[in-house]
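Structure file model.pdb; described as PDB, C-alpha atoms.
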```pdb
ATOM      1  CA  MET K   1     218.084 285.659 177.310
ATOM      2  CA  ALA K   2     215.624 287.711 175.406
ATOM      3  CA  LYS K   3     217.059 290.921 174.062
ATOM      4  CA  ILE K   4     215.335 294.044 172.944
ATOM      5  CA  LYS K   5     216.333 295.274 169.534
ATOM      6  CA  GLY K   6     215.309 298.534 168.004
ATOM      7  CA  VAL K   7     215.470 300.149 164.643
ATOM      8  CA  ILE K   8     214.939 303.721 163.561
ATOM      9  CA  ILE K   9     213.865 305.175 160.254
ATOM     10  CA  VAL K  10     215.019 308.712 159.500
ATOM     11  CA  ASP K  11     213.109 310.895 157.075
ATOM     12  CA  LYS K  12     216.249 312.012 155.242
ATOM     13  CA  GLU K  13     214.605 314.842 153.342
ATOM     14  CA  ARG K  14     213.140 316.363 156.500
ATOM     15  CA  CYS K  15     216.372 316.065 158.526
ATOM     16  CA  LYS K  16     218.367 319.273 159.000
ATOM     17  CA  GLY K  17     221.501 317.605 160.335
ATOM     18  CA  CYS K  18     221.402 319.380 163.707
ATOM     19  CA  ASP K  19     223.254 316.493 165.430
ATOM     20  CA  VAL K  20     220.960 316.573 168.492
ATOM     21  CA  CYS K  21     219.819 312.958 167.965
ATOM     22  CA  VAL K  22     223.436 311.801 167.672
ATOM     23  CA  SER K  23     224.343 313.328 171.036
ATOM     24  CA  SER K  24     221.173 312.019 172.709
ATOM     25  CA  CYS K  25     221.736 308.360 171.772
ATOM     26  CA  PRO K  26     223.102 306.355 174.731
ATOM     27  CA  PHE K  27     224.590 303.669 172.453
ATOM     28  CA  GLY K  28     226.182 305.701 169.666
ATOM     29  CA  VAL K  29     223.865 304.233 167.064
ATOM     30  CA  LEU K  30     223.498 307.440 165.066
ATOM     31  CA  GLU K  31     225.925 309.483 163.042
ATOM     32  CA  LEU K  32     225.585 312.190 160.463
ATOM     33  CA  SER K  33     226.026 310.906 156.937
ATOM     34  CA  THR K  34     228.762 312.217 154.661
ATOM     35  CA  MET K  35     226.062 312.417 152.004
ATOM     36  CA  VAL K  36     223.655 315.363 151.892
ATOM     37  CA  ASN K  37     219.942 315.566 151.194
ATOM     38  CA  SER K  38     218.369 317.841 148.601
ATOM     39  CA  LYS K  39     218.548 320.799 151.009
ATOM     40  CA  GLY K  40     222.276 320.269 151.509
ATOM     41  CA  TYR K  41     222.142 318.958 155.073
ATOM     42  CA  ASN K  42     224.162 315.954 156.234
ATOM     43  CA  TYR K  43     221.310 313.785 157.372
ATOM     44  CA  SER K  44     221.312 311.456 160.384
ATOM     45  CA  GLN K  45     221.531 307.689 159.908
ATOM     46  CA  MET K  46     222.031 304.409 161.808
ATOM     47  CA  VAL K  47     225.647 303.228 161.737
ATOM     48  CA  ASN K  48     225.418 300.071 163.878
ATOM     49  CA  GLU K  49     222.867 297.640 165.286
ATOM     50  CA  ASP K  50     223.122 298.463 168.996
ATOM     51  CA  CYS K  51     219.766 300.277 168.975
ATOM     52  CA  ILE K  52     217.404 299.281 171.804
ATOM     53  CA  GLY K  53     214.503 301.452 170.656
ATOM     54  CA  CYS K  54     214.596 303.865 173.613
ATOM     55  CA  ALA K  55     213.331 306.633 171.281
ATOM     56  CA  ASN K  56     215.551 309.304 172.882
ATOM     57  CA  CYS K  57     216.570 310.463 169.406
ATOM     58  CA  ALA K  58     212.978 310.704 168.201
ATOM     59  CA  VAL K  59     211.833 312.567 171.326
ATOM     60  CA  MET K  60     214.641 315.089 170.893
ATOM     61  CA  CYS K  61     214.354 315.549 167.126
ATOM     62  CA  PRO K  62     213.106 319.121 166.564
ATOM     63  CA  ASP K  63     211.842 318.264 163.093
ATOM     64  CA  SER K  64     210.146 314.992 164.089
ATOM     65  CA  CYS K  65     211.840 313.001 161.349
ATOM     66  CA  ILE K  66     212.600 309.801 163.304
ATOM     67  CA  THR K  67     210.288 306.792 163.612
ATOM     68  CA  VAL K  68     211.260 304.096 166.120
ATOM     69  CA  TYR K  69     210.374 300.387 166.174
ATOM     70  CA  ARG K  70     211.271 297.883 168.884
ATOM     71  CA  GLN K  71     210.944 294.117 169.115
ATOM     72  CA  LYS K  72     211.875 291.442 171.646
ATOM     73  CA  GLN K  73     214.394 288.983 170.176
ATOM     74  CA  GLU K  74     213.723 285.381 171.259
TER      75      GLU K  74
ATOM     76  CA  MET O   1     220.006 297.694 156.576
ATOM     77  CA  ALA O   2     220.873 294.002 156.388
ATOM     78  CA  GLY O   3     220.783 291.692 159.426
ATOM     79  CA  LEU O   4     218.227 293.650 161.437
ATOM     80  CA  LYS O   5     215.671 291.473 163.119
ATOM     81  CA  VAL O   6     213.107 294.134 163.922
ATOM     82  CA  GLU O   7     209.999 293.897 161.813
ATOM     83  CA  ILE O   8     208.597 297.201 160.623
ATOM     84  CA  LYS O   9     205.000 296.798 161.692
ATOM     85  CA  LYS O  10     202.456 298.630 163.807
ATOM     86  CA  GLU O  11     202.806 296.372 166.874
ATOM     87  CA  ASN O  12     206.500 297.213 167.145
ATOM     88  CA  LEU O  13     206.064 300.947 166.769
ATOM     89  CA  VAL O  14     207.526 302.911 169.680
ATOM     90  CA  TYR O  15     207.493 306.446 168.400
ATOM     91  CA  LYS O  16     206.289 308.187 165.293
ATOM     92  CA  ARG O  17     205.608 311.718 164.155
ATOM     93  CA  THR O  18     202.201 312.738 165.418
ATOM     94  CA  GLU O  19     199.637 313.154 162.662
ATOM     95  CA  LEU O  20     198.623 316.542 164.047
ATOM     96  CA  LEU O  21     201.879 317.989 162.690
ATOM     97  CA  THR O  22     201.466 319.056 159.084
ATOM     98  CA  ASP O  23     203.826 317.983 156.307
ATOM     99  CA  ASN O  24     205.342 321.457 156.052
ATOM    100  CA  THR O  25     209.054 321.621 156.809
ATOM    101  CA  MET O  26     209.590 323.857 159.822
ATOM    102  CA  HIS O  27     211.359 327.130 159.075
ATOM    103  CA  TYR O  28     213.228 326.978 162.387
ATOM    104  CA  CYS O  29     217.021 326.708 162.300
ATOM    105  CA  PRO O  30     218.502 323.206 162.691
ATOM    106  CA  GLY O  31     218.331 322.101 166.346
ATOM    107  CA  CYS O  32     215.950 324.874 167.427
ATOM    108  CA  SER O  33     214.009 324.194 170.634
ATOM    109  CA  HIS O  34     210.875 325.597 169.007
ATOM    110  CA  GLY O  35     210.675 322.496 166.803
ATOM    111  CA  THR O  36     210.674 320.213 169.841
ATOM    112  CA  ILE O  37     208.179 322.368 171.741
ATOM    113  CA  ASN O  38     205.822 322.605 168.732
ATOM    114  CA  LYS O  39     205.972 318.834 168.550
ATOM    115  CA  LEU O  40     205.146 318.503 172.268
ATOM    116  CA  VAL O  41     202.145 320.819 171.854
ATOM    117  CA  ALA O  42     200.896 318.742 168.906
ATOM    118  CA  GLU O  43     201.382 315.481 170.806
ATOM    119  CA  VAL O  44     199.599 316.729 173.919
ATOM    120  CA  VAL O  45     196.653 318.117 171.915
ATOM    121  CA  ALA O  46     196.386 314.818 170.028
ATOM    122  CA  GLU O  47     196.595 312.745 173.228
ATOM    123  CA  LEU O  48     193.890 314.797 174.921
ATOM    124  CA  GLY O  49     191.734 314.459 171.786
ATOM    125  CA  ILE O  50     190.979 318.182 171.635
ATOM    126  CA  GLU O  51     192.108 318.867 168.055
ATOM    127  CA  GLU O  52     188.714 320.265 167.113
ATOM    128  CA  SER O  53     188.287 322.506 170.144
ATOM    129  CA  THR O  54     191.759 323.985 170.583
ATOM    130  CA  ILE O  55     192.638 327.527 169.553
ATOM    131  CA  GLY O  56     196.254 328.659 169.659
ATOM    132  CA  ILE O  57     197.428 332.261 169.593
ATOM    133  CA  THR O  58     200.764 332.822 167.904
ATOM    134  CA  PRO O  59     202.977 335.795 168.711
ATOM    135  CA  VAL O  60     205.420 337.819 166.690
ATOM    136  CA  GLY O  61     208.809 336.154 166.648
ATOM    137  CA  CYS O  62     210.248 332.937 165.291
ATOM    138  CA  SER O  63     207.209 331.007 166.491
ATOM    139  CA  ALA O  64     204.789 333.253 164.575
ATOM    140  CA  PHE O  65     204.516 330.573 161.898
ATOM    141  CA  ALA O  66     203.510 327.801 164.311
ATOM    142  CA  TYR O  67     200.122 327.850 162.561
ATOM    143  CA  ASN O  68     201.810 326.275 159.549
ATOM    144  CA  TYR O  69     202.907 323.240 161.529
ATOM    145  CA  ILE O  70     200.132 322.183 163.920
ATOM    146  CA  ASP O  71     196.779 321.341 162.407
ATOM    147  CA  ILE O  72     194.479 323.194 164.839
ATOM    148  CA  ASP O  73     192.831 326.627 164.768
ATOM    149  CA  TRP O  74     195.151 329.585 165.230
ATOM    150  CA  ILE O  75     195.018 333.344 165.508
ATOM    151  CA  GLN O  76     198.070 335.499 164.884
ATOM    152  CA  ALA O  77     198.122 338.323 167.431
ATOM    153  CA  ALA O  78     199.847 341.693 167.271
ATOM    154  CA  HIS O  79     203.257 341.822 168.920
ATOM    155  CA  GLY O  80     202.944 341.067 172.635
ATOM    156  CA  ARG O  81     199.139 340.951 172.617
ATOM    157  CA  ALA O  82     198.659 337.183 172.479
ATOM    158  CA  CYS O  83     197.407 336.961 176.083
ATOM    159  CA  ALA O  84     194.877 339.745 175.459
ATOM    160  CA  VAL O  85     193.597 337.993 172.316
ATOM    161  CA  ALA O  86     193.499 334.662 174.156
ATOM    162  CA  SER O  87     191.458 336.233 176.981
ATOM    163  CA  ALA O  88     188.879 337.467 174.464
ATOM    164  CA  VAL O  89     188.701 334.153 172.617
ATOM    165  CA  LYS O  90     188.268 332.191 175.840
ATOM    166  CA  ARG O  91     185.532 334.525 177.106
ATOM    167  CA  LEU O  92     183.645 334.271 173.812
ATOM    168  CA  HIS O  93     184.136 330.514 173.519
ATOM    169  CA  PRO O  94     184.395 329.181 177.072
ATOM    170  CA  GLU O  95     184.140 325.581 175.864
ATOM    171  CA  LYS O  96     187.330 325.880 173.802
ATOM    172  CA  MET O  97     190.855 325.163 174.973
ATOM    173  CA  VAL O  98     192.820 328.368 174.374
ATOM    174  CA  PHE O  99     196.572 328.726 174.655
ATOM    175  CA  THR O 100     199.212 331.250 173.652
ATOM    176  CA  TYR O 101     202.639 330.369 172.361
ATOM    177  CA  GLN O 102     205.070 333.216 172.962
ATOM    178  CA  GLY O 103     208.775 333.910 173.114
ATOM    179  CA  ASP O 104     210.624 336.072 175.613
ATOM    180  CA  GLY O 105     210.629 339.064 173.261
ATOM    181  CA  ASP O 106     206.871 338.846 172.943
ATOM    182  CA  LEU O 107     205.762 337.867 176.444
ATOM    183  CA  ALA O 108     208.501 339.336 178.648
ATOM    184  CA  ALA O 109     209.327 342.498 176.680
ATOM    185  CA  ILE O 110     206.663 344.225 174.574
ATOM    186  CA  GLY O 111     203.782 342.200 176.017
ATOM    187  CA  THR O 112     204.648 342.248 179.731
ATOM    188  CA  GLY O 113     201.577 344.330 180.603
ATOM    189  CA  GLU O 114     199.101 342.157 178.692
ATOM    190  CA  SER O 115     200.648 338.965 180.055
ATOM    191  CA  ILE O 116     200.688 340.015 183.689
ATOM    192  CA  HIS O 117     197.150 341.371 183.603
ATOM    193  CA  ALA O 118     195.819 338.249 181.878
ATOM    194  CA  CYS O 119     197.469 336.245 184.686
ATOM    195  CA  ASN O 120     196.077 338.565 187.336
ATOM    196  CA  ARG O 121     192.551 338.321 185.915
ATOM    197  CA  GLY O 122     192.848 334.555 186.096
ATOM    198  CA  GLU O 123     191.770 333.866 182.532
ATOM    199  CA  ASN O 124     191.309 330.153 181.892
ATOM    200  CA  ILE O 125     194.092 329.930 179.339
ATOM    201  CA  THR O 126     197.463 328.237 179.062
ATOM    202  CA  ILE O 127     200.461 330.441 178.395
ATOM    203  CA  ILE O 128     203.405 328.696 176.756
ATOM    204  CA  TYR O 129     206.451 330.880 177.155
ATOM    205  CA  VAL O 130     209.657 329.971 175.329
ATOM    206  CA  ASN O 131     212.625 331.712 176.937
ATOM    207  CA  ASN O 132     215.847 331.563 174.946
ATOM    208  CA  ALA O 133     217.344 334.714 176.500
ATOM    209  CA  THR O 134     217.730 336.439 173.154
ATOM    210  CA  TYR O 135     215.775 338.020 170.306
ATOM    211  CA  GLY O 136     216.272 335.117 167.940
ATOM    212  CA  MET O 137     214.332 336.238 164.887
ATOM    213  CA  THR O 138     215.998 339.622 164.533
ATOM    214  CA  GLY O 139     219.566 338.410 164.939
ATOM    215  CA  GLY O 140     220.390 337.596 168.562
ATOM    216  CA  GLN O 141     219.951 340.956 170.313
ATOM    217  CA  MET O 142     219.748 341.266 174.108
ATOM    218  CA  SER O 143     216.332 340.567 175.580
ATOM    219  CA  PRO O 144     215.036 341.262 179.116
ATOM    220  CA  THR O 145     215.825 337.644 180.026
ATOM    221  CA  THR O 146     219.441 337.664 178.782
ATOM    222  CA  LEU O 147     221.757 336.335 181.478
ATOM    223  CA  MET O 148     224.248 338.538 183.335
ATOM    224  CA  GLY O 149     227.489 338.750 181.364
ATOM    225  CA  MET O 150     225.951 337.064 178.320
ATOM    226  CA  LYS O 151     227.238 338.442 175.037
ATOM    227  CA  THR O 152     224.700 339.337 172.379
ATOM    228  CA  THR O 153     224.847 341.543 169.301
ATOM    229  CA  THR O 154     223.578 344.527 171.329
ATOM    230  CA  SER O 155     225.608 343.749 174.461
ATOM    231  CA  PRO O 156     228.986 342.798 172.930
ATOM    232  CA  GLN O 157     230.782 343.252 176.278
ATOM    233  CA  GLY O 158     228.238 341.062 178.077
ATOM    234  CA  ARG O 159     225.120 342.154 179.939
ATOM    235  CA  ASP O 160     225.998 344.696 182.601
ATOM    236  CA  SER O 161     223.526 345.308 185.433
ATOM    237  CA  SER O 162     224.365 349.032 185.724
ATOM    238  CA  LEU O 163     223.556 349.514 182.045
ATOM    239  CA  HIS O 164     220.979 346.849 181.197
ATOM    240  CA  GLY O 165     219.387 345.769 184.458
ATOM    241  CA  TYR O 166     218.863 342.199 185.546
ATOM    242  CA  PRO O 167     217.368 339.060 183.916
ATOM    243  CA  PHE O 168     213.576 339.208 184.063
ATOM    244  CA  LYS O 169     212.175 336.152 185.836
ATOM    245  CA  ILE O 170     208.574 336.515 184.797
ATOM    246  CA  ALA O 171     207.572 332.973 185.810
ATOM    247  CA  ASP O 172     208.611 333.654 189.422
ATOM    248  CA  MET O 173     206.670 336.888 189.246
ATOM    249  CA  VAL O 174     203.366 335.506 187.962
ATOM    250  CA  ALA O 175     203.553 332.676 190.511
ATOM    251  CA  HIS O 176     202.619 335.273 193.153
ATOM    252  CA  LEU O 177     199.384 336.222 191.407
ATOM    253  CA  ASP O 178     196.124 334.731 192.687
ATOM    254  CA  GLY O 179     194.667 334.154 189.215
ATOM    255  CA  VAL O 180     197.397 331.699 188.333
ATOM    256  CA  SER O 181     196.926 328.060 189.267
ATOM    257  CA  TYR O 182     199.957 326.383 187.752
ATOM    258  CA  VAL O 183     203.429 327.748 187.042
ATOM    259  CA  THR O 184     206.212 325.478 185.921
ATOM    260  CA  ARG O 185     209.561 325.848 184.247
ATOM    261  CA  GLN O 186     210.785 323.103 181.940
ATOM    262  CA  SER O 187     213.464 322.589 179.318
ATOM    263  CA  VAL O 188     213.928 320.410 176.242
ATOM    264  CA  HIS O 189     217.718 320.064 176.168
ATOM    265  CA  THR O 190     217.764 316.304 176.916
ATOM    266  CA  ALA O 191     215.384 313.459 176.165
ATOM    267  CA  ALA O 192     214.546 313.062 179.883
ATOM    268  CA  ALA O 193     213.836 316.778 180.249
ATOM    269  CA  THR O 194     211.673 316.695 177.120
ATOM    270  CA  ARG O 195     209.592 313.817 178.478
ATOM    271  CA  LYS O 196     209.103 315.683 181.771
ATOM    272  CA  ALA O 197     208.192 318.839 179.874
ATOM    273  CA  LYS O 198     205.532 316.955 177.955
ATOM    274  CA  LYS O 199     203.945 315.769 181.209
ATOM    275  CA  ALA O 200     203.968 319.319 182.560
ATOM    276  CA  LEU O 201     202.409 320.626 179.341
ATOM    277  CA  LYS O 202     199.680 318.019 179.532
ATOM    278  CA  LYS O 203     198.953 318.994 183.122
ATOM    279  CA  ALA O 204     198.770 322.665 182.130
ATOM    280  CA  PHE O 205     196.303 321.896 179.342
ATOM    281  CA  GLU O 206     194.183 319.749 181.652
ATOM    282  CA  LYS O 207     194.026 322.567 184.194
ATOM    283  CA  SER O 208     192.915 324.987 181.491
ATOM    284  CA  LEU O 209     190.243 322.558 180.340
ATOM    285  CA  ALA O 210     188.993 322.388 183.929
ATOM    286  CA  ASN O 211     188.851 326.235 184.030
ATOM    287  CA  LYS O 212     191.222 326.554 186.980
ATOM    288  CA  GLY O 213     192.795 329.840 185.946
ATOM    289  CA  VAL O 214     196.007 330.572 184.128
ATOM    290  CA  SER O 215     198.502 327.775 183.564
ATOM    291  CA  PHE O 216     201.890 329.270 182.845
ATOM    292  CA  ILE O 217     204.576 327.022 181.426
ATOM    293  CA  GLU O 218     208.024 328.398 180.712
ATOM    294  CA  PHE O 219     210.391 326.479 178.456
ATOM    295  CA  VAL O 220     214.052 327.327 178.916
ATOM    296  CA  ALA O 221     215.169 327.007 175.311
ATOM    297  CA  THR O 222     218.175 327.393 173.058
ATOM    298  CA  CYS O 223     218.758 329.689 170.119
ATOM    299  CA  SER O 224     221.817 328.215 168.452
ATOM    300  CA  SER O 225     221.850 330.843 165.681
ATOM    301  CA  GLY O 226     221.447 333.739 168.114
ATOM    302  CA  TRP O 227     223.986 332.305 170.541
ATOM    303  CA  LYS O 228     226.406 331.545 167.650
ATOM    304  CA  MET O 229     226.887 327.933 168.735
ATOM    305  CA  SER O 230     226.122 324.502 167.327
ATOM    306  CA  PRO O 231     222.824 322.960 168.514
ATOM    307  CA  VAL O 232     224.654 320.405 170.676
ATOM    308  CA  ALA O 233     226.921 323.082 172.205
ATOM    309  CA  SER O 234     223.820 325.224 172.826
ATOM    310  CA  ASN O 235     222.144 322.427 174.759
ATOM    311  CA  LYS O 236     225.298 322.060 176.876
ATOM    312  CA  TRP O 237     225.517 325.820 177.408
ATOM    313  CA  LEU O 238     221.857 325.862 178.433
ATOM    314  CA  GLU O 239     222.484 323.187 181.029
ATOM    315  CA  ASP O 240     225.581 324.940 182.413
ATOM    316  CA  ASN O 241     224.327 328.535 182.412
ATOM    317  CA  MET O 242     220.629 329.005 181.698
ATOM    318  CA  LEU O 243     219.475 326.428 184.230
ATOM    319  CA  GLN O 244     221.427 328.220 186.994
ATOM    320  CA  ALA O 245     219.435 331.409 186.426
ATOM    321  CA  TYR O 246     216.199 329.658 185.453
ATOM    322  CA  PRO O 247     216.045 326.405 187.449
ATOM    323  CA  VAL O 248     213.473 323.906 186.187
ATOM    324  CA  GLY O 249     210.587 322.641 188.305
ATOM    325  CA  ASP O 250     207.106 323.577 189.452
ATOM    326  CA  LEU O 251     206.867 327.059 190.966
ATOM    327  CA  LYS O 252     203.184 326.861 191.850
ATOM    328  CA  ASP O 253     200.605 324.104 191.687
ATOM    329  CA  ILE O 254     197.201 324.549 193.322
TER     330      ILE O 254
END
```
Mind turning the file's structure into structure tokens?
Amino acid sequence: MAKIKGVIIVDKERCKGCDVCVSSCPFGVLELSTMVNSKGYNYSQMVNEDCIGCANCAVMCPDSCITVYRQKQE
Amino acid sequence: MAGLKVEIKKENLVYKRTELLTDNTMHYCPGCSHGTINKLVAEVVAELGIEESTIGITPVGCSAFAYNYIDIDWIQAAHGRACAVASAVKRLHPEKMVFTYQGDGDLAAIGTGESIHACNRGENITIIYVNNATYGMTGGQMSPTTLMGMKTTTSPQGRDSSLHGYPFKIADMVAHLDGVSYVTRQSVHTAAATRKAKKALKKAFEKSLANKGVSFIEFVATCSSGWKMSPVASNKWLEDNMLQAYPVGDLKDI
């Protein structure tokens, strides 16, 4: 069966670590990093490969730092 | 990340930052609803292809600096007078799309008179009203829209009707005016709500472009710094409390 796989790219420097994307993800793909960016925020990152590319995180992101890609897996 | 089978190419793109947003980092606090709403405005303007003919009026408040983030023409109005400035701009340039972007301190407090009369005159503008029930920029003081019993820095015992009156539901009020063609209340606390809000915003802009009178769109928003909560807790609190007093949905659509 064909599966949909997604991937997100977070602009780490723009991220303010508000955690809104983490709570909006239906598959628990995102978590805040233990590392910080140059502003001192724990930025958001992908921690597993369950992403389906629904773009909930990107729609919710107040700083528009998430780009989402999606592809059908044959 | 190793093992991912998604190719990073244009055909697979689902969502990216709209190019109408500038590269400036927003000054809003982490998780602020203003960031999401600014993004929705930019996306809707870009989708309608009216970047060159849109004029926004910014208020005084946190959103005063919206002109730094969306690459369209802006005018910064005096406190509360955004609707009056927008009326003038629209009358002088009837072919332009004119909208105001105001908070509750601007639209529902100091600028109530200007806002209501612009609605009553039926100016062909869109009014974007962001209601976070607090004066966010100045440190979380009580605003006219603060909920009953809600604690703020100037109502530490909670809002008391005998002392402070009742929450001001300005969207319900302007819905009764004949000059207003579209009144809706939306929120951006979940992805589904944000998508719905974007559709409503697009509809409001389309109505303004068709010169159908005032389109009034209220966003029930969070102010995590003013409410002294985390952004995620604020979104939950909004759902549990704010949406009871300010239920989302269309109030008028003609």
Give me the residues near region 230-232 of chain O as JSON, numbers by chain, where near means some atom within 6 Å (using only C-alpha atoms) and where sequence neighbours in that chain fewer than 2 positions away do not count.
{"K": [20], "O": [31, 224, 234, 235]}
In terms of the shortest atom-to-atom distance over only C-alpha atoms, which of O:Thr154, O:Ser63, O:Asn132, O:Thr58 is closest to Val188 (chain O)?
O:Asn132
Box along x, y and z, 5 Å on every side, all listed atoms of region 38-56 of chain O inside: centre and edge lengths in Å to one decimal, as lines of an AutoDock Vina configuration file.
```
center_x = 197.1
center_y = 320.7
center_z = 171.0
size_x = 27.7
size_y = 25.9
size_z = 17.8
```
Please report as a PyMOL selection string which residues of chain O come no farther than 7 Å from chain K, using only C-alpha atoms.
chain O and resi 6+8+12-17+25-26+30-33+35-36+190-191+231-232
Polymer residues at most 6 Å from Cys119 (chain O), all atoms listed in the file, same-chain spacing of 6 or more positions, as an MDAnalysis selection string:
chainID O and resid 179:180 214
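Our summary of the geometry notes that CA of Ile57 (chain O) is positioned 4.9 Å from CA of Ile75 (chain O).
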What gap, in Å, lies between CA of Phe216 (chain O) and CA of Ile127 (chain O)?
4.8 Å
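Once the PyMOL selection byres ((chain O and resi 49) around 12) is applied to the depicted file, the selected set reads Leu20, Ala42, Glu43, Val44, Val45, Ala46, Glu47, Leu48, Ile50, Glu51, Glu52, Ser53, Thr54, Ile72, Met97, Lys202, Phe205, Glu206 and Leu209 of chain O.
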Since I can't run it myself right now, could you work out what the PyMOL selection byres ((chain O and resi 143) around 12) selects here and report it as a ChimeraX atom specification?
/O:103-110,131-142,144-148,150-155,159,164-169,226
Return as a PDB file with C-alpha atoms, in the frame of the given file the set of residues that the PyMOL selection byres ((chain O and resi 241-248) around 8) yields on the displayed structure.
```
ATOM      1  CA  LEU O 147     221.757 336.335 181.478  1.00  0.00           C
ATOM      2  CA  LYS O 169     212.175 336.152 185.836  1.00  0.00           C
ATOM      3  CA  THR O 184     206.212 325.478 185.921  1.00  0.00           C
ATOM      4  CA  ARG O 185     209.561 325.848 184.247  1.00  0.00           C
ATOM      5  CA  GLN O 186     210.785 323.103 181.940  1.00  0.00           C
ATOM      6  CA  SER O 187     213.464 322.589 179.318  1.00  0.00           C
ATOM      7  CA  VAL O 220     214.052 327.327 178.916  1.00  0.00           C
ATOM      8  CA  TRP O 237     225.517 325.820 177.408  1.00  0.00           C
ATOM      9  CA  LEU O 238     221.857 325.862 178.433  1.00  0.00           C
ATOM     10  CA  GLU O 239     222.484 323.187 181.029  1.00  0.00           C
ATOM     11  CA  ASP O 240     225.581 324.940 182.413  1.00  0.00           C
ATOM     12  CA  GLY O 249     210.587 322.641 188.305  1.00  0.00           C
ATOM     13  CA  ASP O 250     207.106 323.577 189.452  1.00  0.00           C
TER      14      ASP O 250
END
```
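If you look at CA of Lys39 (chain K) and CA of Pro59 (chain O), they are 27.9 Å away from each other.
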Can you pull out every residue within 8 Å of Ile254 (chain O), counting only C-alpha atoms, but drop anything in the same chain fewer than 2 positions away, and send it as a ChimeraX atom specification?
/O:181-182,252
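Counting all atoms listed in the file, the residue from K:Ser33, K:Glu74, K:Phe27, K:Val10 that sits nearest to Cys51 (chain K) is K:Phe27.
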I want to know what sits within 7 Å of Ile125 (chain O), based on only C-alpha atoms, with residues of the same chain fewer than 5 positions away left out; could you give that as a PyMOL selection string?
chain O and resi 98-99+208+213-215
